[in-house]
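**Q** Quick one: this structure, given as C-alpha cells, is what I'll be asking you about.
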Amino acid sequence: MEQAMFWEKASDGKIECRLCPHHCRIAEGKRGTCGVRTAQNGKLYATGYGLISSANSDPIEKKPLYHFHPGKMIFSIGGWGCNFKCGFCQNWGISQQADLKGTPIPPDKIVADAMSEQSIGIAYTYNEPLINIEFVSACARLAREAGLVNVLVTNGYIEKKPAEFILPMVDALNIDIKGMDENFYKKQCSASLNPVLAFAKQAAGAGCHVEITNLVIPGLNDADNQIKKLADWIFDNLGQKTPVHLSAYHPQYKMDLPPTPPETLERACRLFREKLPYVYIGNVFSDAGQDTSCPQCGNILIVRRRYSVRLTGLKGTKCAKCGRPADIITGK
Ligand code: SF4
C-alpha cells in the first residue's frame, strides 16, 4: 500500500488529511470524504493508488482544452472517488463510489500505454485526479521524462502546498469553476468557492496553460450577475486570453431539473464575450460556439465540427490574416 502525502496526526489520535480544504479527520480503518484515503495503523494511505476506472485515447478537445495542441489525441485515465458531492455529477458512477478492490496499474505501464496510443501525453480526468496526487505525480514525472505533456481536469479543490508540489509537473489544466456563489458550492457540492479560485490563480501563476469550464444550470447559477462576476474574475485574475467553456447541464444522478436551454447558453456566451474573446459552448448537439476567431480581425482561426478540428486561419502561432498572436499552444 502506498503511503499518502500531506497529513498529520491529530491530538485525538485521528489522522488529519491536509490534501484538500476538507481537512478530514479520519479514524482508524476509515476513509476520508473522497473515499480513497484510508487511516491504517496510525498512518494515512493512498488506497486509490493505481486503481483505474477508465482509460481512453480522446481528442484533447474533449477535456475540454481548445487552445492547447488543438486536433491532437491524449491518453486519458480516471480513478475512483471525489472530494465534491455534486448532485448533478455526470460521472457519478466512478466519482461517488470508490471501488478499491482492483489490481493497481503501475505508473510506468500508464506512460507506456500513453506512448503506444501515440498521444501527446496523459490527461488525468473522469473523476477528480487531485485526490490521487501520489499516483498522478508518479505518472506525471515519468511522462515528463518521456517527453509527454500532463493535463489535469479538476475541480481545483486542493490546498496550497500540495498544489505547489504538483503544478511544476503539469502543462495544462481545465479547472471547473461552478459559479461565484459560496452558497452554491456549499449546498450543491458540499465544498467552498475560495480555495478553487485560489488554485486557479496559483496554476496560472505557475505558468500552466489554464482553461475554465462553467456548467450552466438553469435557476441555480445562470443569473446575469453571477455570469458577469465570473467573467470579471477570470479577466482580472487569470487574464483576458483565458478560454472559457460554457457547458450545458443535463439531468443526472440526483438532479432532475430540466436541461439548460440553448438560449441560456447563448445569453451566457454573450455576457462572457463582453469581457473575454475565447468563449465556447459545450455538451450540446450543435456546432454553435465552437470555432475560434481572431479577436483583432475576426478571421476564423480554428473550425471545430464535433471532434473534427481544422486549423484554417493560422500561420504558425499567429493569425494568417492580421498577424496577431493567436493565443494557441501548438507544436506537438
Ligand atoms: S483529499 Fe480526501 S481525505 Fe483528504 S481532506 Fe480531501 S476529502 Fe478528506
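Convention: chains lettered A, B, ... in C-alpha cells order; per-chain residue numbering from 1; ligands numbered from 1 as shown.
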Within 7 Å of ligand 1, counting only C-alpha atoms and all ligand atoms: which residues, as an MDAnalysis selection string?
**A** chainID A and resid 17:24 31:37 83 131
**Q** Please identify every residue of segment 41-121 of chain A that has at least one atom no farther than 12 Å from an atom of segment 290-305 of chain A, counting only C-alpha atoms, and for each give the shortest atom pair and the distance in Å to one decimal, arranged by chain then increasing number, as a tab-separated table.
**A**
residue	atom	partner	partner_atom	distance
A:Pro59	CA	A:Arg304	CA	11.7
A:Glu61	CA	A:Arg304	CA	9.2
A:Lys62	CA	A:Arg304	CA	11.6
A:Pro64	CA	A:Gln290	CA	11.3
A:Leu65	CA	A:Gln290	CA	11.7
A:Tyr66	CA	A:Thr292	CA	8.5
A:His67	CA	A:Thr292	CA	8.9
A:His69	CA	A:Ile302	CA	11.6
A:Pro70	CA	A:Ile302	CA	8.5
A:Gly71	CA	A:Arg304	CA	9.1
**Q** List every residue of segment 4-212 of chain A that DSSP, applied to the backbone of this structure, places in strand (DSSP E or B), and write the result as a PDB file with N, CA and C atoms, in the first residue's frame.
**A**
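What follows is the written file part-v6.pdb:
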ATOM      1  N   TRP A   7      -0.473  14.798   5.365  1.00  0.00           N
ATOM      2  CA  TRP A   7      -1.351  14.514   6.506  1.00  0.00           C
ATOM      3  C   TRP A   7      -0.579  14.701   7.804  1.00  0.00           C
ATOM      4  N   GLU A   8      -1.329  14.773   8.896  1.00  0.00           N
ATOM      5  CA  GLU A   8      -0.737  14.906  10.227  1.00  0.00           C
ATOM      6  C   GLU A   8      -1.535  14.075  11.201  1.00  0.00           C
ATOM      7  N   LYS A   9      -0.904  13.711  12.295  1.00  0.00           N
ATOM      8  CA  LYS A   9      -1.637  13.018  13.355  1.00  0.00           C
ATOM      9  C   LYS A   9      -2.304  14.075  14.238  1.00  0.00           C
ATOM     10  N   ILE A  15      -6.280  10.787  12.087  1.00  0.00           N
ATOM     11  CA  ILE A  15      -5.371  11.322  11.064  1.00  0.00           C
ATOM     12  C   ILE A  15      -6.069  12.505  10.404  1.00  0.00           C
ATOM     13  N   GLU A  16      -5.370  13.639  10.318  1.00  0.00           N
ATOM     14  CA  GLU A  16      -5.947  14.781   9.605  1.00  0.00           C
ATOM     15  C   GLU A  16      -5.300  14.887   8.234  1.00  0.00           C
ATOM     16  N   CYS A  17      -6.089  14.705   7.195  1.00  0.00           N
ATOM     17  CA  CYS A  17      -5.586  14.828   5.827  1.00  0.00           C
ATOM     18  C   CYS A  17      -5.539  16.304   5.454  1.00  0.00           C
ATOM     19  N   ARG A  25     -10.801  14.507   9.316  1.00  0.00           N
ATOM     20  CA  ARG A  25     -10.176  13.826  10.473  1.00  0.00           C
ATOM     21  C   ARG A  25     -10.671  12.395  10.433  1.00  0.00           C
ATOM     22  N   ILE A  26      -9.731  11.502  10.156  1.00  0.00           N
ATOM     23  CA  ILE A  26     -10.102  10.129   9.787  1.00  0.00           C
ATOM     24  C   ILE A  26      -9.729   9.162  10.906  1.00  0.00           C
ATOM     25  N   ARG A  31     -12.155   5.890   5.834  1.00  0.00           N
ATOM     26  CA  ARG A  31     -11.678   6.682   4.692  1.00  0.00           C
ATOM     27  C   ARG A  31     -12.159   8.130   4.836  1.00  0.00           C
ATOM     28  N   ARG A  37      -8.649   7.711   0.621  1.00  0.00           N
ATOM     29  CA  ARG A  37      -7.531   7.934   1.552  1.00  0.00           C
ATOM     30  C   ARG A  37      -7.945   7.332   2.894  1.00  0.00           C
ATOM     31  N   THR A  38      -7.168   6.336   3.333  1.00  0.00           N
ATOM     32  CA  THR A  38      -7.593   5.475   4.437  1.00  0.00           C
ATOM     33  C   THR A  38      -6.582   5.507   5.581  1.00  0.00           C
ATOM     34  N   ALA A  39      -7.092   5.655   6.811  1.00  0.00           N
ATOM     35  CA  ALA A  39      -6.228   5.611   8.006  1.00  0.00           C
ATOM     36  C   ALA A  39      -6.033   4.155   8.424  1.00  0.00           C
ATOM     37  N   GLN A  40      -4.789   3.784   8.560  1.00  0.00           N
ATOM     38  CA  GLN A  40      -4.487   2.398   8.947  1.00  0.00           C
ATOM     39  C   GLN A  40      -3.186   2.353   9.747  1.00  0.00           C
ATOM     40  N   LYS A  43      -1.364   5.608  10.260  1.00  0.00           N
ATOM     41  CA  LYS A  43      -0.845   6.355   9.096  1.00  0.00           C
ATOM     42  C   LYS A  43      -1.969   6.562   8.082  1.00  0.00           C
ATOM     43  N   LEU A  44      -1.727   7.436   7.104  1.00  0.00           N
ATOM     44  CA  LEU A  44      -2.724   7.624   6.039  1.00  0.00           C
ATOM     45  C   LEU A  44      -2.195   6.981   4.755  1.00  0.00           C
ATOM     46  N   TYR A  45      -3.029   6.201   4.113  1.00  0.00           N
ATOM     47  CA  TYR A  45      -2.631   5.510   2.886  1.00  0.00           C
ATOM     48  C   TYR A  45      -3.478   5.977   1.707  1.00  0.00           C
ATOM     49  N   ALA A  46      -2.809   6.045   0.538  1.00  0.00           N
ATOM     50  CA  ALA A  46      -3.495   6.403  -0.713  1.00  0.00           C
ATOM     51  C   ALA A  46      -4.056   5.107  -1.295  1.00  0.00           C
ATOM     52  N   SER A  54     -11.249   4.023 -15.746  1.00  0.00           N
ATOM     53  CA  SER A  54     -11.416   4.142 -17.197  1.00  0.00           C
ATOM     54  C   SER A  54     -10.146   4.672 -17.842  1.00  0.00           C
ATOM     55  N   ALA A  55      -9.902   4.228 -19.070  1.00  0.00           N
ATOM     56  CA  ALA A  55      -8.739   4.694 -19.842  1.00  0.00           C
ATOM     57  C   ALA A  55      -9.131   4.717 -21.316  1.00  0.00           C
ATOM     58  N   ASN A  56      -8.904   5.846 -21.962  1.00  0.00           N
ATOM     59  CA  ASN A  56      -9.257   6.005 -23.382  1.00  0.00           C
ATOM     60  C   ASN A  56      -8.286   6.969 -24.039  1.00  0.00           C
ATOM     61  N   SER A  57      -8.156   6.831 -25.344  1.00  0.00           N
ATOM     62  CA  SER A  57      -7.447   7.848 -26.098  1.00  0.00           C
ATOM     63  C   SER A  57      -8.502   8.818 -26.626  1.00  0.00           C
ATOM     64  N   ASP A  58      -8.455  10.062 -26.192  1.00  0.00           N
ATOM     65  CA  ASP A  58      -9.502  11.051 -26.527  1.00  0.00           C
ATOM     66  C   ASP A  58      -8.911  12.220 -27.316  1.00  0.00           C
ATOM     67  N   PRO A  59      -9.736  12.871 -28.150  1.00  0.00           N
ATOM     68  CA  PRO A  59      -9.309  14.173 -28.687  1.00  0.00           C
ATOM     69  C   PRO A  59      -9.131  15.146 -27.521  1.00  0.00           C
ATOM     70  N   PHE A  68      -4.819  24.311 -26.570  1.00  0.00           N
ATOM     71  CA  PHE A  68      -3.614  23.558 -26.191  1.00  0.00           C
ATOM     72  C   PHE A  68      -3.496  22.369 -27.141  1.00  0.00           C
ATOM     73  N   MET A  73      -4.515  13.945 -29.997  1.00  0.00           N
ATOM     74  CA  MET A  73      -5.118  12.949 -29.107  1.00  0.00           C
ATOM     75  C   MET A  73      -4.343  12.925 -27.788  1.00  0.00           C
ATOM     76  N   ILE A  74      -5.068  12.602 -26.720  1.00  0.00           N
ATOM     77  CA  ILE A  74      -4.397  12.490 -25.420  1.00  0.00           C
ATOM     78  C   ILE A  74      -4.935  11.268 -24.673  1.00  0.00           C
ATOM     79  N   PHE A  75      -4.009  10.491 -24.128  1.00  0.00           N
ATOM     80  CA  PHE A  75      -4.372   9.299 -23.359  1.00  0.00           C
ATOM     81  C   PHE A  75      -4.984   9.762 -22.034  1.00  0.00           C
ATOM     82  N   SER A  76      -6.193   9.305 -21.751  1.00  0.00           N
ATOM     83  CA  SER A  76      -6.962   9.854 -20.625  1.00  0.00           C
ATOM     84  C   SER A  76      -7.298   8.754 -19.636  1.00  0.00           C
ATOM     85  N   ILE A  77      -6.979   9.005 -18.375  1.00  0.00           N
ATOM     86  CA  ILE A  77      -7.253   7.989 -17.352  1.00  0.00           C
ATOM     87  C   ILE A  77      -8.038   8.592 -16.192  1.00  0.00           C
ATOM     88  N   GLY A  78      -8.819   7.755 -15.546  1.00  0.00           N
ATOM     89  CA  GLY A  78      -9.538   8.171 -14.347  1.00  0.00           C
ATOM     90  C   GLY A  78      -9.433   7.101 -13.285  1.00  0.00           C
ATOM     91  N   GLY A 121       0.274  13.041 -24.596  1.00  0.00           N
ATOM     92  CA  GLY A 121       0.542  12.957 -23.169  1.00  0.00           C
ATOM     93  C   GLY A 121      -0.557  12.240 -22.427  1.00  0.00           C
ATOM     94  N   ILE A 122      -0.701  12.615 -21.157  1.00  0.00           N
ATOM     95  CA  ILE A 122      -1.694  11.964 -20.300  1.00  0.00           C
ATOM     96  C   ILE A 122      -2.618  13.029 -19.717  1.00  0.00           C
ATOM     97  N   ALA A 123      -3.924  12.780 -19.809  1.00  0.00           N
ATOM     98  CA  ALA A 123      -4.909  13.617 -19.116  1.00  0.00           C
ATOM     99  C   ALA A 123      -5.430  12.828 -17.930  1.00  0.00           C
ATOM    100  N   TYR A 124      -5.391  13.452 -16.767  1.00  0.00           N
ATOM    101  CA  TYR A 124      -5.914  12.846 -15.537  1.00  0.00           C
ATOM    102  C   TYR A 124      -7.306  13.430 -15.371  1.00  0.00           C
ATOM    103  N   VAL A 149       3.149  15.428 -22.350  1.00  0.00           N
ATOM    104  CA  VAL A 149       2.580  16.509 -21.539  1.00  0.00           C
ATOM    105  C   VAL A 149       1.617  15.910 -20.513  1.00  0.00           C
ATOM    106  N   ASN A 150       1.380  16.678 -19.451  1.00  0.00           N
ATOM    107  CA  ASN A 150       0.428  16.279 -18.408  1.00  0.00           C
ATOM    108  C   ASN A 150      -0.700  17.301 -18.315  1.00  0.00           C
ATOM    109  N   VAL A 151      -1.926  16.788 -18.307  1.00  0.00           N
ATOM    110  CA  VAL A 151      -3.112  17.642 -18.269  1.00  0.00           C
ATOM    111  C   VAL A 151      -3.992  17.218 -17.087  1.00  0.00           C
ATOM    112  N   LEU A 152      -4.408  18.196 -16.293  1.00  0.00           N
ATOM    113  CA  LEU A 152      -5.350  17.904 -15.198  1.00  0.00           C
ATOM    114  C   LEU A 152      -6.721  18.471 -15.541  1.00  0.00           C
ATOM    115  N   VAL A 153      -7.746  17.664 -15.357  1.00  0.00           N
ATOM    116  CA  VAL A 153      -9.125  18.145 -15.467  1.00  0.00           C
ATOM    117  C   VAL A 153      -9.693  18.045 -14.058  1.00  0.00           C
ATOM    118  N   THR A 154      -9.893  19.200 -13.418  1.00  0.00           N
ATOM    119  CA  THR A 154     -10.026  19.185 -11.958  1.00  0.00           C
ATOM    120  C   THR A 154     -11.062  20.175 -11.436  1.00  0.00           C
ATOM    121  N   ALA A 172      -0.990  21.727 -18.576  1.00  0.00           N
ATOM    122  CA  ALA A 172      -2.264  22.414 -18.834  1.00  0.00           C
ATOM    123  C   ALA A 172      -3.345  21.864 -17.913  1.00  0.00           C
ATOM    124  N   LEU A 173      -4.316  22.737 -17.630  1.00  0.00           N
ATOM    125  CA  LEU A 173      -5.427  22.323 -16.778  1.00  0.00           C
ATOM    126  C   LEU A 173      -6.748  22.842 -17.346  1.00  0.00           C
ATOM    127  N   ASN A 174      -7.791  22.053 -17.188  1.00  0.00           N
ATOM    128  CA  ASN A 174      -9.130  22.596 -17.279  1.00  0.00           C
ATOM    129  C   ASN A 174      -9.684  22.574 -15.863  1.00  0.00           C
ATOM    130  N   ILE A 175      -9.982  23.769 -15.344  1.00  0.00           N
ATOM    131  CA  ILE A 175     -10.483  23.884 -13.966  1.00  0.00           C
ATOM    132  C   ILE A 175     -11.968  24.253 -14.022  1.00  0.00           C
ATOM    133  N   ASP A 176     -12.747  23.505 -13.276  1.00  0.00           N
ATOM    134  CA  ASP A 176     -14.186  23.708 -13.227  1.00  0.00           C
ATOM    135  C   ASP A 176     -14.490  24.764 -12.169  1.00  0.00           C
ATOM    136  N   HIS A 209      -0.886  26.314 -18.684  1.00  0.00           N
ATOM    137  CA  HIS A 209      -1.976  26.758 -19.544  1.00  0.00           C
ATOM    138  C   HIS A 209      -3.299  26.409 -18.842  1.00  0.00           C
ATOM    139  N   VAL A 210      -4.166  27.405 -18.663  1.00  0.00           N
ATOM    140  CA  VAL A 210      -5.412  27.177 -17.912  1.00  0.00           C
ATOM    141  C   VAL A 210      -6.627  27.518 -18.775  1.00  0.00           C
ATOM    142  N   GLU A 211      -7.573  26.586 -18.847  1.00  0.00           N
ATOM    143  CA  GLU A 211      -8.886  26.863 -19.422  1.00  0.00           C
ATOM    144  C   GLU A 211      -9.920  26.597 -18.330  1.00  0.00           C
ATOM    145  N   ILE A 212     -11.035  27.291 -18.404  1.00  0.00           N
ATOM    146  CA  ILE A 212     -12.065  27.198 -17.355  1.00  0.00           C
ATOM    147  C   ILE A 212     -13.343  26.608 -17.941  1.00  0.00           C
TER     148      ILE A 212
END
**Q** So the first atom is atom CA of Met180 of chain A and the second is atom CA of Ser137 of chain A; what is the distance between them in Å, to one decimal place?
**A**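 A separation of 29.5 Å between them.
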**Q** Mind dumping a table of every segment 239-330 of chain A residue within 10 Å of segment 91-95 of chain A, with the nearest atom pair and its distance in Å to one decimal, using only C-alpha atoms, sorted by chain and rising number, as JSON lines?
**A**
{"residue": "A:Gln252", "atom": "CA", "partner": "A:Trp92", "partner_atom": "CA", "distance": 8.4}
{"residue": "A:Tyr253", "atom": "CA", "partner": "A:Trp92", "partner_atom": "CA", "distance": 6.6}
{"residue": "A:Lys254", "atom": "CA", "partner": "A:Trp92", "partner_atom": "CA", "distance": 9.5}
**Q** In segment 21-149 of chain A, what's alpha helix (DSSP H) per DSSP? Answer as a list in words?
**A** Trp92, Gly93, Ile94, Ser95, Pro107, Asp108, Lys109, Ile110, Val111, Ala112, Asp113, Ala114, Met115, Ser116, Ile133, Glu134, Phe135, Val136, Ser137, Ala138, Cys139, Ala140, Arg141, Leu142, Ala143, Arg144 and Glu145 of chain A
**Q** Measuring atom to atom with only C-alpha atoms, identify which of A:Cys139, A:Val244, A:Ala198, A:Ala204 is nearest to Val279 of chain A.
**A** A:Val244
**Q** What lies within 12 Å of segment 257-266 of chain A using only C-alpha atoms, ignoring chain neighbours under 2 positions off, as a CSV table (one decimal) with N, CA and C atoms, in the first residue's frame?
**A**
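For reference, around22.csv as written:
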chain,number,residue,atom,x,y,z
A,87,GLY,N,-24.8,16.9,-6.8
A,87,GLY,CA,-26.0,16.1,-7.2
A,87,GLY,C,-26.1,16.0,-8.7
A,88,PHE,N,-25.4,16.8,-9.4
A,88,PHE,CA,-25.6,16.9,-10.9
A,88,PHE,C,-24.4,16.2,-11.6
A,214,ASN,N,-17.5,26.2,-17.0
A,214,ASN,CA,-18.6,26.6,-16.1
A,214,ASN,C,-19.8,25.8,-16.6
A,215,LEU,N,-20.3,24.9,-15.8
A,215,LEU,CA,-21.5,24.2,-16.1
A,215,LEU,C,-22.7,25.1,-15.7
A,216,VAL,N,-23.5,25.4,-16.7
A,216,VAL,CA,-24.6,26.4,-16.5
A,216,VAL,C,-25.9,25.6,-16.2
A,217,ILE,N,-26.4,25.8,-15.0
A,217,ILE,CA,-27.6,25.1,-14.5
A,217,ILE,C,-28.7,26.1,-14.3
A,218,PRO,N,-29.8,25.9,-15.1
A,218,PRO,CA,-30.8,26.9,-15.1
A,218,PRO,C,-31.4,27.1,-13.7
A,219,GLY,N,-31.5,28.3,-13.2
A,219,GLY,CA,-32.1,28.6,-11.9
A,219,GLY,C,-31.1,28.5,-10.8
A,220,LEU,N,-30.0,27.9,-11.0
A,220,LEU,CA,-29.0,27.7,-9.9
A,220,LEU,C,-27.8,28.6,-10.0
A,221,ASN,N,-27.3,28.8,-11.2
A,221,ASN,CA,-26.1,29.6,-11.3
A,221,ASN,C,-26.0,30.4,-12.6
A,222,ASP,N,-27.2,30.6,-13.2
A,222,ASP,CA,-27.3,31.2,-14.6
A,222,ASP,C,-27.7,32.7,-14.5
A,223,ALA,N,-27.8,33.3,-13.4
A,223,ALA,CA,-28.3,34.7,-13.3
A,223,ALA,C,-27.2,35.6,-13.9
A,224,ASP,N,-27.6,36.7,-14.6
A,224,ASP,CA,-26.7,37.6,-15.3
A,224,ASP,C,-25.6,38.0,-14.4
A,227,ILE,N,-23.0,35.4,-13.9
A,227,ILE,CA,-22.1,35.2,-15.1
A,227,ILE,C,-21.1,36.3,-15.2
A,245,HIS,N,-15.2,27.6,-21.3
A,245,HIS,CA,-16.2,26.6,-21.8
A,245,HIS,C,-17.5,26.6,-21.0
A,246,LEU,N,-18.6,27.0,-21.7
A,246,LEU,CA,-19.9,27.0,-21.0
A,246,LEU,C,-20.5,25.7,-21.4
A,247,SER,N,-20.7,24.9,-20.4
A,247,SER,CA,-21.2,23.6,-20.6
A,247,SER,C,-22.7,23.4,-20.2
A,248,ALA,N,-23.4,22.7,-21.1
A,248,ALA,CA,-24.9,22.5,-20.8
A,248,ALA,C,-25.0,21.4,-19.8
A,249,TYR,N,-25.9,21.7,-18.8
A,249,TYR,CA,-26.3,20.7,-17.8
A,249,TYR,C,-27.4,19.8,-18.4
A,250,HIS,N,-27.3,18.5,-18.1
A,250,HIS,CA,-28.4,17.5,-18.4
A,250,HIS,C,-28.7,16.8,-17.1
A,251,PRO,N,-30.0,16.5,-16.9
A,251,PRO,CA,-30.4,15.8,-15.7
A,251,PRO,C,-29.6,14.5,-15.4
A,252,GLN,N,-29.0,14.4,-14.3
A,252,GLN,CA,-28.1,13.3,-13.9
A,252,GLN,C,-28.2,13.0,-12.5
A,253,TYR,N,-27.8,11.8,-12.1
A,253,TYR,CA,-27.6,11.4,-10.7
A,253,TYR,C,-28.8,11.9,-9.8
A,254,LYS,N,-28.6,12.8,-8.9
A,254,LYS,CA,-29.7,13.2,-8.0
A,254,LYS,C,-30.5,14.4,-8.5
A,255,MET,N,-30.1,15.0,-9.6
A,255,MET,CA,-30.7,16.3,-10.0
A,255,MET,C,-31.6,16.1,-11.2
A,268,ALA,N,-25.4,33.5,-21.8
A,268,ALA,CA,-24.2,33.4,-21.0
A,268,ALA,C,-23.0,33.7,-21.9
A,269,CYS,N,-23.0,33.1,-23.1
A,269,CYS,CA,-21.9,33.3,-24.0
A,269,CYS,C,-21.7,34.8,-24.4
A,270,ARG,N,-22.9,35.5,-24.7
A,270,ARG,CA,-22.8,36.9,-25.0
A,270,ARG,C,-22.2,37.7,-23.8
A,271,LEU,N,-22.7,37.4,-22.6
A,271,LEU,CA,-22.2,38.2,-21.4
A,271,LEU,C,-20.7,37.9,-21.2
A,272,PHE,N,-20.2,36.7,-21.3
A,272,PHE,CA,-18.8,36.4,-21.2
A,272,PHE,C,-18.0,37.1,-22.3
A,273,ARG,N,-18.5,37.1,-23.5
A,273,ARG,CA,-17.7,37.7,-24.6
A,273,ARG,C,-17.6,39.3,-24.5
A,279,VAL,N,-14.7,32.2,-25.8
A,279,VAL,CA,-15.8,31.6,-25.0
A,279,VAL,C,-16.5,30.6,-25.9
A,280,TYR,N,-16.6,29.4,-25.4
A,280,TYR,CA,-17.2,28.3,-26.2
A,280,TYR,C,-18.4,27.6,-25.5
A,281,ILE,N,-19.2,27.0,-26.3
A,281,ILE,CA,-20.4,26.3,-25.8
A,281,ILE,C,-20.1,24.8,-25.9
A,282,GLY,N,-20.4,24.0,-24.9
A,282,GLY,CA,-20.1,22.6,-24.9
A,282,GLY,C,-21.3,21.8,-24.4
A,283,ASN,N,-21.2,20.4,-24.7
A,283,ASN,CA,-22.1,19.5,-24.2
A,283,ASN,C,-23.5,19.7,-24.8
A,284,VAL,N,-23.5,20.1,-26.1
A,284,VAL,CA,-24.8,20.3,-26.8
A,284,VAL,C,-24.6,19.6,-28.2
A,285,PHE,N,-25.8,19.3,-28.8
A,285,PHE,CA,-25.8,18.7,-30.1
A,285,PHE,C,-25.8,19.8,-31.2
A,286,SER,N,-24.8,20.6,-31.2
A,286,SER,CA,-24.8,21.7,-32.2
A,286,SER,C,-23.3,22.2,-32.4
A,287,ASP,N,-23.0,22.8,-33.5
A,287,ASP,CA,-21.7,23.3,-33.7
A,287,ASP,C,-21.5,24.7,-33.3
A,288,ALA,N,-22.6,25.3,-32.8
A,288,ALA,CA,-22.6,26.8,-32.4
A,288,ALA,C,-21.6,27.0,-31.3
A,289,GLY,N,-20.9,28.1,-31.4
A,289,GLY,CA,-20.0,28.4,-30.3
A,289,GLY,C,-18.8,27.5,-30.2
**Q** Between A:Cys89, A:Met5, A:Leu51, A:Leu100, which is the closest to Lys178 of chain A once you count only C-alpha atoms?
**A**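 Result for the nearest residue to Lys178 of chain A: A:Cys89.
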**Q** Could you check the closest approach to Thr103 of chain A for each of A:Tyr278, A:Trp233, A:Phe165, A:Tyr49 and tell me which residue wins, using only C-alpha atoms?
**A**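 Distance minimum relative to Thr103 of chain A lands on A:Tyr49.
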**Q** Closest to Leu193 of chain A among A:Ala206, A:Ile177, A:Ile52, A:Leu142, using only C-alpha atoms?
**A** A:Ile177
**Q** With only C-alpha atoms as the atoms that count, which of A:Leu311, A:Ala326, A:Met1, A:Ile158 lies nearest to Pro129 of chain A?
**A** A:Ile158
**Q** Atom CA of Pro243 of chain A and atom CA of Pro325 of chain A, how far apart in Å?
**A**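 Answer for the atom CA of Pro325 of chain A to atom CA of Pro243 of chain A separation: 14.7 Å.
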**Q** Would you mind listing what lies within 9 Å of Lys241 of chain A as a list of chain:residue names, with only C-alpha atoms counted and same-chain residues fewer than 2 positions away left out?
**A**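 Listed by chain and then number, they are A:Phe235, A:Leu238, A:Gly239, A:Pro243, A:Leu276, A:Pro277, A:Tyr278, A:Asp327.
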**Q** Just the selected residues (C-alpha atoms), exported as a compact mmCIF listing (two decimals), in the first residue's frame, please.
**A**
# COMPACT_ATOMS: atom_id res chain seq x y z
CA PHE A 235 -10.39 38.69 -16.66
CA LEU A 238 -6.30 34.71 -14.99
CA GLY A 239 -6.10 37.11 -17.89
CA PRO A 243 -10.53 30.23 -22.79
CA LEU A 276 -13.27 37.61 -22.83
CA PRO A 277 -12.63 36.76 -26.51
CA TYR A 278 -12.42 32.95 -26.31
CA ASP A 327 -3.04 32.59 -28.06
**Q** For atom CA of Pro106 of chain A and atom CA of Gly50 of chain A, determine how far apart the two atoms are, in Å to one decimal place.
**A** 6.1 Å
**Q** Nearest to Thr125 of chain A: which of A:Gly179, A:Gly316, A:Gly29, A:Gly81 is it, counting only C-alpha atoms?
**A**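 Closest candidate: A:Gly81.
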